[in-house]
Amino acid sequence: MLDLVHHCFMTLQITVRGSATKSFAPERAVVSISAAFEGRSKDQVFAEAVAAQEFLSAQLANFSERGSVTSWSADQVYVHSEHPSVDAGRRAADVHLATTTVSADFVDFELLNLWLDAWGGKDGVEIGGIGWDVSAANRRSYESEVRGLAVDDAVAKAQAYADAVGRGKVSATQFADPGMLVSLPSPGFGGPMMAMASRKDMAPTLDLRPANIDIYIEVDAIFVAD
């Protein structure tokens with residue numbers, strides 16, 4: 001994208017958008033497991049859900065103490081009843097359902113494989129999608145690195161335009177996040193992109209191999225060249 005303006009003294013203004021993408025190995029995985037129980041006794045299915053939650057919570061607490069999980073939550077048990085109809089004028093006994101869900105942020109992917117493998121085959125257990133990302137501690141430094149590459153890209157673009165019209169070395173006068181320079185449109189999406197793994201089918205033994213995390217940065221810049 002290019003905006004050329006000739007000022008007095010024939011100074012050339014060049015406005016460009018630089019961009020860069022770099023891939024990083026995933027460092028954390030956020031996953032949730034739900035356990036559902038069904039029966040004729042509301043008290044019984046509730047007790048089963050609570051017992052499952054306590055067992056899962058104990059596992060995650062242990063993983064957290066070992067440093068394999070950075071955070072986890074298990075704070076809800078849901079119970080509801082259904083009233084099935086057999087035929088007109090008749091109603092079957094109520095069916096009660098209880099569900100508990102736990103979520104955890106794993107940094108030990110080998111343990112995550114084993115944990116999902118152990119729970120994935122159990123009746124009534126549903127494994128949610130896995131969200132892969134870099135660690136919160138490293139994301140800022142990674143973004144800074146990619147932003148520097150985006151600036152390099154902007155400089156190279158501006159110099160290429162200057163060279164094309166026989167001008168000298170460019171000098172930056174402004175840098176901004178995308179959309180903050182009125183001469184350039186805002187991007188179609190905002191911020192770095194985080195790769196998200198789709199849910200995988202449970203196999204007898206899991207071996208999750210997540211894709212790298214792509215961090216994408218854009219910068220807008222104005223340069224001048226004599």
# chains A, B, ... in the order shown; residues from 1 in each chain; ligands from 1
>>> select_by_dssp(residues="segment 10-202 of chain A", states="strand (DSSP E)", output="PyMOL selection string")
chain A and resi 12-24+28-39+69-73+77-82+85-87+90-91+95-106+125-127+131-133+171-176
>>> select_by_dssp(residues="segment 9-141 of chain A", states="helix (DSSP H, G or I)", output="PyMOL selection string")
chain A and resi 9-10+42-65+109-120+136-141
>>> closest_atom_pairs(of="segment 104-165 of chain A", to="segment 18-28 of chain A", cutoff="7 Å", atoms="only C-alpha atoms", output="tab-separated table")
residue	atom	partner	partner_atom	distance
A:Asp105	CA	A:Arg28	CA	6.5
A:Phe106	CA	A:Arg28	CA	5.5
A:Val107	CA	A:Arg28	CA	4.7
A:Trp132	CA	A:Arg28	CA	5.9
A:Asp133	CA	A:Pro26	CA	5.2
A:Val134	CA	A:Glu27	CA	4.6
A:Ser135	CA	A:Glu27	CA	5.5
A:Val146	CA	A:Ala20	CA	6.1
A:Leu149	CA	A:Ala20	CA	5.8
A:Ala150	CA	A:Ser19	CA	4.3
A:Val151	CA	A:Gly18	CA	6.0
A:Asp153	CA	A:Gly18	CA	5.0
A:Ala154	CA	A:Gly18	CA	4.0
>>> write_last_selection(atoms="N, CA and C atoms", output="mmCIF file, in the first residue's frame")
data_model
loop_
_atom_site.group_PDB
_atom_site.id
_atom_site.type_symbol
_atom_site.label_atom_id
_atom_site.label_comp_id
_atom_site.auth_asym_id
_atom_site.auth_seq_id
_atom_site.Cartn_x
_atom_site.Cartn_y
_atom_site.Cartn_z
ATOM 1 N N ASP A 105 -4.736 -26.138 32.509
ATOM 2 C CA ASP A 105 -3.719 -25.567 31.629
ATOM 3 C C ASP A 105 -2.445 -26.397 31.811
ATOM 4 N N PHE A 106 -2.177 -27.291 30.854
ATOM 5 C CA PHE A 106 -1.037 -28.206 30.937
ATOM 6 C C PHE A 106 0.201 -27.613 30.273
ATOM 7 N N VAL A 107 1.346 -27.838 30.913
ATOM 8 C CA VAL A 107 2.627 -27.527 30.281
ATOM 9 C C VAL A 107 3.438 -28.802 30.058
ATOM 10 N N TRP A 132 -4.026 -24.706 22.052
ATOM 11 C CA TRP A 132 -2.565 -24.647 22.184
ATOM 12 C C TRP A 132 -2.097 -23.193 22.096
ATOM 13 N N ASP A 133 -1.083 -22.872 22.866
ATOM 14 C CA ASP A 133 -0.570 -21.497 22.848
ATOM 15 C C ASP A 133 0.836 -21.491 23.417
ATOM 16 N N VAL A 134 1.509 -20.362 23.276
ATOM 17 C CA VAL A 134 2.772 -20.148 23.972
ATOM 18 C C VAL A 134 2.447 -19.698 25.391
ATOM 19 N N SER A 135 3.425 -19.699 26.251
ATOM 20 C CA SER A 135 3.174 -19.297 27.634
ATOM 21 C C SER A 135 2.914 -17.797 27.712
ATOM 22 N N VAL A 146 8.675 -10.366 16.807
ATOM 23 C CA VAL A 146 7.975 -10.333 15.523
ATOM 24 C C VAL A 146 7.691 -8.892 15.097
ATOM 25 N N LEU A 149 10.584 -7.564 13.313
ATOM 26 C CA LEU A 149 10.637 -8.067 11.940
ATOM 27 C C LEU A 149 9.656 -7.318 11.051
ATOM 28 N N ALA A 150 8.491 -6.966 11.605
ATOM 29 C CA ALA A 150 7.510 -6.193 10.827
ATOM 30 C C ALA A 150 8.043 -4.803 10.508
ATOM 31 N N VAL A 151 8.758 -4.203 11.447
ATOM 32 C CA VAL A 151 9.382 -2.897 11.194
ATOM 33 C C VAL A 151 10.431 -3.023 10.086
ATOM 34 N N ASP A 153 10.381 -5.107 7.704
ATOM 35 C CA ASP A 153 9.631 -5.261 6.458
ATOM 36 C C ASP A 153 9.138 -3.910 5.953
ATOM 37 N N ALA A 154 8.668 -3.063 6.873
ATOM 38 C CA ALA A 154 8.199 -1.735 6.477
ATOM 39 C C ALA A 154 9.340 -0.902 5.894
#
>>> closest_residue(among="A:Arg66, A:Arg209, A:Arg140, A:Arg147", to="Ala29 of chain A", atoms="only C-alpha atoms")
A:Arg209
>>> closest_residue(among="A:Ser71, A:Thr11, A:Leu60, A:Val95", to="Asp43 of chain A", atoms="only C-alpha atoms")
A:Val95
>>> closest_residue(among="A:Glu126, A:Val219, A:Arg167, A:Leu56", to="Leu181 of chain A", atoms="only C-alpha atoms")
A:Val219
>>> atom_distance(atom1="atom CA of Glu145 of chain A", atom2="atom CA of Val16 of chain A")
19.7 Å
>>> residues_around(residues="Gly168 of chain A", least_positions_apart="2", cutoff="9 Å", atoms="only C-alpha atoms", output="PyMOL selection string")
chain A and resi 159+162-163+166+170+225-226
